[in-house]
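A.B. asks: Here it is, the structure in full.
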Amino acid sequence: MLVYRRGKRLKGSGFTLVFVGNELSGSRLGISVHRVIKGAVRRNRIKRLIREVFRLRRDLFPQQCDIVVTVSPDFRFTSTGSLQTAVADLVCPGISCRHEV
RNA sequence: UGGGGCGGGCGCAUGAUCGCUCCGGCCCGCGGCCGGGGAGGAAAGUCCGAACACCACAGGGCACGGUGGUUCGUAACGCGAACUCCGGGUAACCGGGGGAAAGUGCCACAGAAAAUACACCGCCGAUGAGCCGCUUCCGGGCGGAAACAGGCAAGGUUGAAAUGGCGAGGUAAGAGCUCACCGCUUCCAUGGUGACAUGGAAGGCAGGGUAAACCCCACCGGGUGCAAGACCAAAUAGGGAAACGCUUGAAGGCUGCCCGCCUGAUGUUUCCGGGUAGGUUGCACGAGAUGCCGGGCGACCGGCAUCCCAGAUAAAUGAUCAUGGUCUGCGUAUGCGGAAACAGAAUUCGGCUUACAGCCCGCCCCAUUUU
RNA sequence: GCGCCAGUAGCUCAGCAGGACAGAGCAGGAGCCUUCUAAGCUCAAGGCCGGGGGUUCGAGUCCCUCCUGGCGCG
């Protein structure tokens with residue numbers, strides 16, 4: 001709730017990144033996949049992909065933040081590679097935003 | 001070889017690296033190390049049946065709901081097996097199953113008529129009465145028309161469905177009125193645990209459809225569901241309003257209702273306001289799995305041995321790379337590229353139903369060819 | 001997870017226990033009225049009743065099954 005109220009939003013194709021700074025030593029990740037995406041298999045698949053990108057390339061994400069990834073129904077990524085480049089394209093201008101916070 | 005029917009199985013494999021989660025052990029202070037386990041045939045839909053838990057262990061009556069050939073199997077079932085009858089198919093095989101002579105309702109349109117076999121159109125007019133003609137031994141006889149009484153149910157363009165079918169005899173015309181065959185009903189005998197089958201005799205036609213309409217018969221069903229339930233901890237408040245009631249009894253347990261039973265008094269219910277929405281358990285050894293042997297036509301059952309095989313809580317079971325296999329596009333080929341379904345446990349089992357790329361195995365039927 | 005409801009015209013709903021009853025209102029279309037618009041009046045169009053099987057002579061209605069949407073719980 002706090003993240004949604006105070007967080008910065010970065011809108012990508014198929015998902016939205018919401019984040020806010022915290023007082024902890026590291027970042028925390030939350031994933032929100034709406035029920036309009038049909039089938040538990042597809043929803044689980046999306047969550048696993050996002051979690052995997054977060055694990056492998058934590059440097060791409062904002063540091064020391066609570067991050068929520070909200071997935072839209074038009075989410076089309078099927079491999080970690082394509083999702084990773086999409087996150088990188090989204091966050092690279094996003095780093096400058098973080099400095100303004 | 002082609003086409004078809006039925007049943008069963010698999011549903012990518014192996015290795016490396018980095019992660020997630022549970023269990024056991026160790027250092028035992030956070031945390032880390034080692035070893036092991038980690039989605040499915042449907043985990044799905046939630047359509048049935050149970051286990052388990054609570055509700056006075058649930059008593060009686062009426063409702064209500066479900067099932068429906070028979071006999072087995074099963075903890076139980078609306079599931080399965082075998083058999084039986086009916087329907088479809090050349091066949092393998094597939095689909096269906098109580099009662100319509102206990103009663104009630106409905107059957108549009110069309111049609112004479114839709115359940116009572118009557119009326120209507122119609123057929124006959126032998127018999128009885130009357131009319132006309134011919135004849136006469138004056139008693140009557142023969143022929144004709146009409147259709148009064150009367151007889152009849154053969155035929156009647158319909159419709160989904162029309163009151164046994166067909167043939168012969170019979171008659172004035174006809175009719176199970178009579179007969180043969182078929183169908184039907186009843187009875188008897190034989191076989192079978194039984195549904196039922198086979199054979200015989202008699203009756204002389206009684207019978208429309210619809211019970212996935214009400215209903216009748218037989219059997220079954222108390223209700224609610226793991227957010228059931230049990231325990232621990234924390235927090236806030238013993239707040240305000242309304243209704244009913246304080247032993248002639250509110251309200252609740254307990255399902256739809258009634259009876260009966262139990263609980264029951266600064267109480268119960270509803271609304272407003274406020275707080276917590278954590279942990280443990282239920283919860284992973286079970287109608288359990290695998291193999292062998294035995295019984296049974298089969299579903300299935302019995303015995304022995306071995307094994308322990310997911311337990312998450314916003315929810316783990318993943319990612320990358322390599323090699324190999326399957327299918328497929330291009331190419332003579334080495335090869336290069338692509339694809340891989342349906343779908344994700346949440347208290348647990350037994351079924352049913354639905355979804356499913358590709359592939360494998362077995363049995364059977366039909367047609368064709370060769371011997 | 002468990003337990004329940006609903007689906008009919010573009011929208012909101014009727015449709016009794018199965019038969020020419022597939023209907024009402026609004027919206028949209030055409031015409032009349034008016035100098036024009038609104039209101040009013042008249043007219044027609046619009047539906048395989050969520051999909052597929054079955055029962056029946058006949059199904060929007062009865063039975064089964066699937067799909068879609070919605071609701072409740074401690």
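The chains in the structure tokens are called A, B, ... from first to last as shown; in each chain the residues are counted from 1, and the ligands are counted from 1 in the order shown.
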If you count only C-alpha atoms (C1' of nucleotides), which residues fall within 12 Å of Val71 of chain A, apart from same-chain ones fewer than 3 positions away, as a ChimeraX atom specification?

C.D. replies: /A:11-18,30-37,42-47,49-50,68,74-77

A.B. asks: Would you mind writing down, as an MDAnalysis selection string, each residue of segment 40-96 of chain A that DSSP on the backbone assigns to alpha helix (DSSP H)?

C.D. replies: chainID A and resid 40:56 80:96

A.B. asks: I need the residues from that last selection saved to file as a JSON list (two decimals), in the first residue's frame (with C-alpha atoms), if you can.

C.D. replies:
[["chain", "number", "residue", "atom", "x", "y", "z"],
["A", 40, "ALA", "CA", -2.32, -20.60, -13.24],
["A", 41, "VAL", "CA", 0.49, -21.87, -15.47],
["A", 42, "ARG", "CA", 0.88, -18.54, -17.31],
["A", 43, "ARG", "CA", 0.67, -16.52, -14.08],
["A", 44, "ASN", "CA", 3.29, -18.66, -12.35],
["A", 45, "ARG", "CA", 5.50, -18.52, -15.45],
["A", 46, "ILE", "CA", 5.45, -14.70, -15.43],
["A", 47, "LYS", "CA", 6.25, -14.53, -11.72],
["A", 48, "ARG", "CA", 9.17, -16.92, -12.14],
["A", 49, "LEU", "CA", 10.59, -14.95, -15.06],
["A", 50, "ILE", "CA", 10.48, -11.66, -13.13],
["A", 51, "ARG", "CA", 11.99, -13.27, -10.03],
["A", 52, "GLU", "CA", 14.78, -14.78, -12.12],
["A", 53, "VAL", "CA", 15.68, -11.45, -13.74],
["A", 54, "PHE", "CA", 15.66, -9.80, -10.31],
["A", 55, "ARG", "CA", 18.00, -12.50, -8.96],
["A", 56, "LEU", "CA", 20.48, -12.45, -11.85],
["A", 80, "THR", "CA", 14.53, -14.22, -19.42],
["A", 81, "GLY", "CA", 16.78, -12.66, -22.09],
["A", 82, "SER", "CA", 14.06, -10.56, -23.73],
["A", 83, "LEU", "CA", 12.61, -9.53, -20.36],
["A", 84, "GLN", "CA", 16.07, -8.54, -19.11],
["A", 85, "THR", "CA", 16.67, -6.17, -22.05],
["A", 86, "ALA", "CA", 13.19, -4.69, -21.58],
["A", 87, "VAL", "CA", 13.90, -3.97, -17.90],
["A", 88, "ALA", "CA", 17.27, -2.47, -18.79],
["A", 89, "ASP", "CA", 15.69, -0.14, -21.40],
["A", 90, "LEU", "CA", 13.10, 0.92, -18.85],
["A", 91, "VAL", "CA", 15.34, 1.50, -15.85],
["A", 92, "CYS", "CA", 18.37, 3.20, -17.46],
["A", 93, "PRO", "CA", 16.51, 6.52, -17.70],
["A", 94, "GLY", "CA", 14.93, 5.46, -14.38],
["A", 95, "ILE", "CA", 18.24, 5.73, -12.52],
["A", 96, "SER", "CA", 18.31, 9.48, -13.13]]

A.B. asks: As an exercise, work out the distance from atom C1' of G207 of chain B to atom C1' of A161 of chain B in Å and give it to one decimal place.

C.D. replies: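 If I compute the distance from atom C1' of G207 of chain B to atom C1' of A161 of chain B, I get 14.5 Å.
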
A.B. asks: Which polymer residues have any atom within 10 Å of an atom of A237 of chain B, counting only C-alpha atoms (C1' of nucleotides), with same-chain residues fewer than 2 positions away left out, as a list in words?

C.D. replies: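 The residues satisfying every condition are G239, G274 and G275 of chain B.
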
A.B. asks: Give me, as a compact mmCIF listing (two decimals) with N, CA and C atoms (P, O5', C5', C4', C3', O3' and C1' of nucleotides), in the first residue's frame, the residues of chain B touching chain A, with the criterion being at most 10 Å (counting only C-alpha atoms (C1' of nucleotides)).

C.D. replies:
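Now in result23.txt:
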# COMPACT_ATOMS: atom_id res chain seq x y z
P C B 18 27.55 -23.55 -8.29
O5' C B 18 26.38 -22.48 -8.46
C5' C B 18 26.68 -21.13 -8.83
C4' C B 18 25.42 -20.38 -9.18
C3' C B 18 24.35 -20.34 -8.11
O3' C B 18 24.64 -19.39 -7.09
C1' C B 18 23.35 -20.80 -10.21
P G B 19 23.98 -19.52 -5.64
O5' G B 19 22.45 -19.26 -5.98
C5' G B 19 21.42 -19.73 -5.14
C4' G B 19 20.08 -19.29 -5.70
C3' G B 19 18.89 -19.77 -4.91
O3' G B 19 18.57 -18.87 -3.87
C1' G B 19 18.62 -20.36 -7.18
P A B 314 1.53 -15.48 2.97
O5' A B 314 1.64 -14.78 1.55
C5' A B 314 2.70 -15.12 0.66
C4' A B 314 2.17 -15.28 -0.75
C3' A B 314 2.28 -14.02 -1.62
O3' A B 314 2.49 -14.37 -2.98
C1' A B 314 0.02 -14.69 -1.45
P G B 318 10.01 -26.58 -12.16
O5' G B 318 10.55 -25.25 -12.83
C5' G B 318 9.83 -24.04 -12.73
C4' G B 318 10.77 -22.87 -12.56
C3' G B 318 11.84 -22.72 -13.64
O3' G B 318 11.35 -22.14 -14.83
C1' G B 318 12.81 -22.43 -11.52
P A B 319 12.04 -22.43 -16.26
O5' A B 319 13.41 -21.63 -16.19
C5' A B 319 13.40 -20.21 -16.22
C4' A B 319 14.82 -19.67 -16.09
C3' A B 319 15.78 -20.12 -17.18
O3' A B 319 15.68 -19.31 -18.34
C1' A B 319 16.79 -20.38 -15.04
P U B 320 15.90 -19.96 -19.79
O5' U B 320 17.49 -20.12 -19.85
C5' U B 320 18.33 -18.96 -19.83
C4' U B 320 19.77 -19.35 -19.63
C3' U B 320 20.33 -20.36 -20.62
O3' U B 320 20.68 -19.78 -21.86
C1' U B 320 20.98 -20.96 -18.42
P A B 343 -5.65 -25.42 -21.77
O5' A B 343 -5.68 -25.65 -20.20
C5' A B 343 -4.58 -25.32 -19.39
C4' A B 343 -4.15 -26.52 -18.58
C3' A B 343 -3.57 -26.21 -17.20
O3' A B 343 -4.61 -26.10 -16.25
C1' A B 343 -2.17 -27.76 -18.33
P G B 344 -4.61 -24.92 -15.13
O5' G B 344 -3.87 -25.61 -13.91
C5' G B 344 -2.47 -25.60 -13.80
C4' G B 344 -2.03 -26.40 -12.62
C3' G B 344 -2.07 -25.62 -11.30
O3' G B 344 -2.45 -26.47 -10.24
C1' G B 344 0.16 -26.26 -11.81

A.B. asks: Do you have the atom C1' of G286 of chain B-atom C1' of A75 of chain B distance handy?

C.D. replies: 13.6 Å

A.B. asks: Measure the distance from atom C1' of G167 of chain B to atom C1' of C181 of chain B in Å and round it to one decimal.

C.D. replies: 9.3 Å

A.B. asks: Out of C:A44, C:G60, C:G70, C:C36, which residue has the shortest atom-to-atom distance to C21 of chain C when counting only C-alpha atoms (C1' of nucleotides)?

C.D. replies: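 For C21 of chain C, the nearest of the candidates is C:G60.
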